[in-house]
file model34.pdb (PDB, C-alpha atoms and all ligand atoms)
ATOM      1  CA  MET A   1     -57.539 -55.141  19.426
ATOM      2  CA  SER A   2     -57.160 -52.995  22.550
ATOM      3  CA  TYR A   3     -53.802 -52.931  24.303
ATOM      4  CA  ASP A   4     -53.552 -55.006  27.502
ATOM      5  CA  ALA A   5     -51.685 -52.766  29.948
ATOM      6  CA  ASN A   6     -51.133 -55.777  32.230
ATOM      7  CA  ASN A   7     -48.988 -57.699  29.754
ATOM      8  CA  ILE A   8     -45.584 -58.744  31.058
ATOM      9  CA  PHE A   9     -43.594 -56.251  28.967
ATOM     10  CA  ALA A  10     -45.831 -53.363  30.086
ATOM     11  CA  LYS A  11     -45.013 -54.426  33.654
ATOM     12  CA  ILE A  12     -41.292 -54.486  32.832
ATOM     13  CA  LEU A  13     -41.601 -50.986  31.324
ATOM     14  CA  ARG A  14     -43.271 -49.748  34.521
ATOM     15  CA  GLY A  15     -40.590 -51.399  36.649
ATOM     16  CA  GLU A  16     -43.122 -53.700  38.293
ATOM     17  CA  ILE A  17     -41.156 -56.826  37.452
ATOM     18  CA  PRO A  18     -37.399 -57.075  36.963
ATOM     19  CA  ALA A  19     -35.532 -57.539  33.722
ATOM     20  CA  ILE A  20     -31.867 -57.479  32.784
ATOM     21  CA  THR A  21     -31.813 -54.204  30.874
ATOM     22  CA  VAL A  22     -29.081 -53.735  28.295
ATOM     23  CA  TYR A  23     -30.259 -50.415  26.801
ATOM     24  CA  GLU A  24     -32.862 -47.767  27.588
ATOM     25  CA  ASP A  25     -33.795 -44.369  26.227
ATOM     26  CA  ASP A  26     -36.969 -42.286  26.233
ATOM     27  CA  GLN A  27     -38.620 -44.416  23.521
ATOM     28  CA  THR A  28     -36.973 -47.824  23.771
ATOM     29  CA  LEU A  29     -36.053 -50.627  26.169
ATOM     30  CA  ALA A  30     -33.849 -53.637  25.431
ATOM     31  CA  PHE A  31     -33.478 -56.525  27.862
ATOM     32  CA  MET A  32     -32.420 -60.151  28.000
ATOM     33  CA  ASP A  33     -34.988 -62.786  27.108
ATOM     34  CA  ILE A  34     -35.916 -64.859  30.181
ATOM     35  CA  MET A  35     -35.872 -68.092  28.136
ATOM     36  CA  PRO A  36     -33.099 -67.411  25.624
ATOM     37  CA  GLN A  37     -32.984 -69.420  22.418
ATOM     38  CA  ALA A  38     -29.267 -68.642  22.298
ATOM     39  CA  HIS A  39     -26.818 -67.024  24.718
ATOM     40  CA  GLY A  40     -27.284 -63.281  24.280
ATOM     41  CA  HIS A  41     -30.912 -63.449  23.083
ATOM     42  CA  THR A  42     -32.151 -59.880  23.534
ATOM     43  CA  LEU A  43     -35.603 -58.309  23.170
ATOM     44  CA  VAL A  44     -36.086 -54.746  21.936
ATOM     45  CA  ILE A  45     -39.396 -53.003  22.635
ATOM     46  CA  PRO A  46     -40.834 -49.531  22.131
ATOM     47  CA  LYS A  47     -42.246 -47.675  25.111
ATOM     48  CA  GLU A  48     -45.305 -46.814  23.031
ATOM     49  CA  ALA A  49     -48.249 -49.034  23.992
ATOM     50  CA  ALA A  50     -48.721 -51.187  20.894
ATOM     51  CA  GLU A  51     -49.603 -54.852  20.653
ATOM     52  CA  THR A  52     -48.256 -55.502  17.157
ATOM     53  CA  LEU A  53     -46.444 -53.752  14.326
ATOM     54  CA  HIS A  54     -49.849 -52.896  12.878
ATOM     55  CA  ASP A  55     -50.681 -50.836  15.975
ATOM     56  CA  LEU A  56     -47.367 -48.960  16.194
ATOM     57  CA  SER A  57     -47.142 -45.341  15.020
ATOM     58  CA  ASP A  58     -44.857 -44.627  12.070
ATOM     59  CA  ASP A  59     -42.588 -42.484  14.256
ATOM     60  CA  ALA A  60     -42.225 -45.230  16.862
ATOM     61  CA  ALA A  61     -41.630 -47.824  14.138
ATOM     62  CA  ALA A  62     -38.877 -45.709  12.577
ATOM     63  CA  ASN A  63     -37.209 -45.235  15.950
ATOM     64  CA  LEU A  64     -37.585 -48.898  16.863
ATOM     65  CA  ILE A  65     -35.836 -50.205  13.757
ATOM     66  CA  LYS A  66     -32.953 -47.779  14.355
ATOM     67  CA  LYS A  67     -32.563 -49.109  17.886
ATOM     68  CA  VAL A  68     -32.865 -52.717  16.708
ATOM     69  CA  LYS A  69     -30.037 -52.025  14.260
ATOM     70  CA  MET A  70     -27.885 -50.540  17.013
ATOM     71  CA  ILE A  71     -28.577 -53.359  19.477
ATOM     72  CA  ALA A  72     -28.039 -56.017  16.819
ATOM     73  CA  ALA A  73     -24.570 -54.562  16.231
ATOM     74  CA  ALA A  74     -23.875 -54.522  19.977
ATOM     75  CA  VAL A  75     -25.035 -58.136  20.430
ATOM     76  CA  LYS A  76     -22.994 -59.227  17.409
ATOM     77  CA  SER A  77     -19.899 -57.626  18.880
ATOM     78  CA  ALA A  78     -20.486 -58.729  22.485
ATOM     79  CA  MET A  79     -21.206 -62.322  21.540
ATOM     80  CA  GLN A  80     -18.588 -62.400  18.771
ATOM     81  CA  ALA A  81     -21.336 -63.771  16.535
ATOM     82  CA  GLU A  82     -20.702 -64.250  12.851
ATOM     83  CA  GLY A  83     -24.378 -63.655  12.141
ATOM     84  CA  ILE A  84     -27.436 -62.184  13.839
ATOM     85  CA  THR A  85     -31.057 -63.290  13.454
ATOM     86  CA  LEU A  86     -33.938 -60.832  13.908
ATOM     87  CA  PHE A  87     -37.521 -61.958  14.228
ATOM     88  CA  GLN A  88     -40.748 -60.287  15.188
ATOM     89  CA  LEU A  89     -44.133 -62.033  15.521
ATOM     90  CA  ASN A  90     -47.503 -60.298  15.116
ATOM     91  CA  GLY A  91     -50.590 -61.907  16.588
ATOM     92  CA  GLU A  92     -51.264 -65.213  18.303
ATOM     93  CA  ALA A  93     -51.683 -66.864  14.923
ATOM     94  CA  ALA A  94     -48.069 -65.948  14.164
ATOM     95  CA  GLY A  95     -46.898 -67.316  17.507
ATOM     96  CA  GLN A  96     -46.749 -64.038  19.446
ATOM     97  CA  THR A  97     -47.059 -64.819  23.153
ATOM     98  CA  VAL A  98     -46.526 -61.392  24.760
ATOM     99  CA  PRO A  99     -48.942 -58.746  23.414
ATOM    100  CA  HIS A 100     -46.484 -55.833  23.307
ATOM    101  CA  ILE A 101     -44.535 -55.516  20.067
ATOM    102  CA  HIS A 102     -40.957 -56.766  20.358
ATOM    103  CA  PHE A 103     -38.028 -57.653  18.170
ATOM    104  CA  HIS A 104     -35.927 -60.698  18.999
ATOM    105  CA  VAL A 105     -32.189 -60.168  18.451
ATOM    106  CA  LEU A 106     -30.469 -63.530  18.399
ATOM    107  CA  PRO A 107     -26.798 -64.351  17.885
ATOM    108  CA  GLY A 108     -26.420 -67.007  15.222
ATOM    109  CA  SER A 109     -29.190 -68.716  13.329
ATOM    110  CA  ILE A 110     -32.537 -70.099  14.471
ATOM    111  CA  VAL A 111     -32.543 -72.122  11.270
ATOM    112  CA  THR A 112     -29.347 -73.891  12.316
ATOM    113  CA  ALA A 113     -30.554 -74.187  15.935
ATOM    114  CA  ARG A 114     -33.792 -75.839  14.818
ATOM    115  CA  ALA A 115     -31.942 -78.225  12.524
ATOM    116  CA  HIS A 116     -29.956 -79.715  15.449
TER     117      HIS A 116
HETATM  118  P1  LIG A 201     -42.959 -64.002  21.367
HETATM  119  O1  LIG A 201     -43.239 -65.471  21.336
HETATM  120  O2  LIG A 201     -44.141 -63.206  21.867
HETATM  121  O3  LIG A 201     -42.400 -63.476  20.077
HETATM  122  O4  LIG A 201     -41.778 -63.822  22.407
HETATM  123  C1  LIG A 201     -41.947 -63.504  23.737
HETATM  124  C2  LIG A 201     -40.604 -63.655  24.395
HETATM  125  O5  LIG A 201     -40.680 -63.082  25.690
HETATM  126  C3  LIG A 201     -40.173 -65.118  24.609
HETATM  127  O6  LIG A 201     -38.922 -65.338  23.962
HETATM  128  C4  LIG A 201     -40.103 -65.272  26.120
HETATM  129  O7  LIG A 201     -39.046 -66.090  26.538
HETATM  130  C5  LIG A 201     -39.943 -63.840  26.586
HETATM  131  N1  LIG A 201     -40.490 -63.576  27.905
HETATM  132  C6  LIG A 201     -41.699 -63.980  28.371
HETATM  133  N2  LIG A 201     -41.889 -63.552  29.631
HETATM  134  C7  LIG A 201     -40.764 -62.856  29.967
HETATM  135  C8  LIG A 201     -40.366 -62.155  31.145
HETATM  136  O8  LIG A 201     -41.060 -62.094  32.149
HETATM  137  N3  LIG A 201     -39.150 -61.555  31.112
HETATM  138  C9  LIG A 201     -38.334 -61.597  30.009
HETATM  139  N4  LIG A 201     -37.178 -60.968  30.091
HETATM  140  N5  LIG A 201     -38.689 -62.245  28.879
HETATM  141  C10 LIG A 201     -39.885 -62.865  28.867
END

call {"tool": "encode", "arguments": {"input": "model34.pdb", "output": "structure tokens"}}
result
Amino acid sequence: MSYDANNIFAKILRGEIPAITVYEDDQTLAFMDIMPQAHGHTLVIPKEAAETLHDLSDDAAANLIKKVKMIAAAVKSAMQAEGITLFQLNGEAAGQTVPHIHFHVLPGSIVTARAH
């Protein structure tokens, strides 16, 4: 599928809409989720235009997972979380709502959160 350059994360990357940025480098942006599933819920995205993991270049994928690892450690420390959940949805059928690949970094457990 072709990349939609008007998706909300593309607009955040271009600075057209605001986001609470927690980390940025030449290939990566991390920012707070606007509707957090837990306090500290952070999204990590590549700057490469890719809708899903299947569209991402190998180089960008390798960089992205390194940055996810780093940000997961930072969120764990900042939120004093005993555990961190990562999830990443590909395609509408999987529940993806924003068509720019992103990792969710979530303090705690979505399994526990859903059980309550
Ligand atoms: P998905 O369901 O695609 O895996 O997750 C998309 C995530 O993006 C959701 O958790 C949603 O709350 C978040 N989101 C949607 N629109 C915005 C926005 O404009 N700003 C920010 N910071 N997060 C957004």

call {"tool": "residues_around", "arguments": {"input": "model34.pdb", "residues": "Asn63 of chain A", "least_positions_apart": "2", "cutoff": "12 Å", "atoms": "all atoms listed in the file", "output": "list in words"}}
result
Asp25, Asp26, Gln27, Thr28, Leu29, Val44, Ile45, Pro46, Lys47, Glu48, Leu56, Ser57, Asp58, Asp59, Ala60, Ala61, Ile65, Lys66, Lys67, Val68, Lys69 and Met70 of chain A

call {"tool": "resolve_selection", "arguments": {"input": "model34.pdb", "expression": "the PyMOL selection byres (((chain A and resi 99-109) around 6) and not hetatm)", "output": "list in words"}}
result
His41, Thr42, Leu43, Val44, Ile45, Ala50, Glu51, Thr52, Ala81, Gly83, Ile84, Thr85, Leu86, Phe87, Gln88, Val98, Ile110, Val111 and Thr112 of chain A

call {"tool": "closest_residue", "arguments": {"input": "model34.pdb", "among": "A:Val75, A:Leu64, A:Pro36, A:Asn7", "to": "ligand LIG 201 (chain A)", "atoms": "only C-alpha atoms and all ligand atoms"}}
result
A:Pro36

call {"tool": "resolve_selection", "arguments": {"input": "model34.pdb", "expression": "the PyMOL selection byres (((not hetatm)) within 7 of (chain A and resi 201))", "output": "number ranges by chain"}}
result
A: 8, 19-20, 31-36, 88-89, 95-99, 102

call {"tool": "atom_distance", "arguments": {"input": "model34.pdb", "atom1": "atom CA of Asp55 of chain A", "atom2": "atom CA of Gly91 of chain A"}}
result
11.1 Å

call {"tool": "decode", "arguments": {"input": "model34.pdb", "residues": "segment 30-47 of chain A", "atoms": "N, CA and C atoms", "output": "short mmCIF file (atom, residue, chain, number, x, y, z; two decimals), in the first residue's frame"}}
result
data_model
loop_
_atom_site.label_atom_id
_atom_site.label_comp_id
_atom_site.auth_asym_id
_atom_site.auth_seq_id
_atom_site.Cartn_x
_atom_site.Cartn_y
_atom_site.Cartn_z
N ALA A 30 10.45 10.01 19.42
CA ALA A 30 9.63 9.38 20.46
C ALA A 30 8.83 10.48 21.15
N PHE A 31 7.55 10.20 21.38
CA PHE A 31 6.66 11.20 21.96
C PHE A 31 5.57 10.51 22.76
N MET A 32 4.91 11.30 23.61
CA MET A 32 3.88 10.74 24.48
C MET A 32 2.61 10.46 23.68
N ASP A 33 2.00 9.32 23.97
CA ASP A 33 0.72 8.99 23.34
C ASP A 33 -0.36 9.95 23.84
N ILE A 34 -1.20 10.43 22.92
CA ILE A 34 -2.23 11.42 23.29
C ILE A 34 -3.35 10.79 24.13
N MET A 35 -3.54 9.50 24.00
CA MET A 35 -4.55 8.79 24.80
C MET A 35 -3.89 7.61 25.49
N PRO A 36 -3.06 7.91 26.50
CA PRO A 36 -2.20 6.87 27.10
C PRO A 36 -3.00 5.74 27.75
N GLN A 37 -2.53 4.53 27.53
CA GLN A 37 -3.14 3.37 28.19
C GLN A 37 -2.55 3.15 29.58
N ALA A 38 -1.49 3.88 29.87
CA ALA A 38 -0.89 3.92 31.20
C ALA A 38 -0.07 5.21 31.26
N HIS A 39 0.13 5.74 32.46
CA HIS A 39 0.95 6.93 32.62
C HIS A 39 2.36 6.63 32.09
N GLY A 40 2.83 7.44 31.16
CA GLY A 40 4.15 7.21 30.59
C GLY A 40 4.14 6.49 29.26
N HIS A 41 2.94 6.19 28.75
CA HIS A 41 2.80 5.51 27.44
C HIS A 41 3.46 6.36 26.35
N THR A 42 4.48 5.79 25.73
CA THR A 42 5.31 6.51 24.77
C THR A 42 5.27 5.79 23.42
N LEU A 43 5.32 6.56 22.34
CA LEU A 43 5.36 6.00 20.99
C LEU A 43 6.72 6.28 20.38
N VAL A 44 7.28 5.30 19.70
CA VAL A 44 8.58 5.46 19.06
C VAL A 44 8.39 5.21 17.56
N ILE A 45 8.78 6.18 16.75
CA ILE A 45 8.58 6.04 15.30
C ILE A 45 9.88 6.34 14.55
N PRO A 46 10.04 5.70 13.38
CA PRO A 46 11.16 6.06 12.51
C PRO A 46 10.78 7.28 11.68
N LYS A 47 11.77 8.01 11.23
CA LYS A 47 11.48 9.13 10.33
C LYS A 47 11.26 8.65 8.90
#
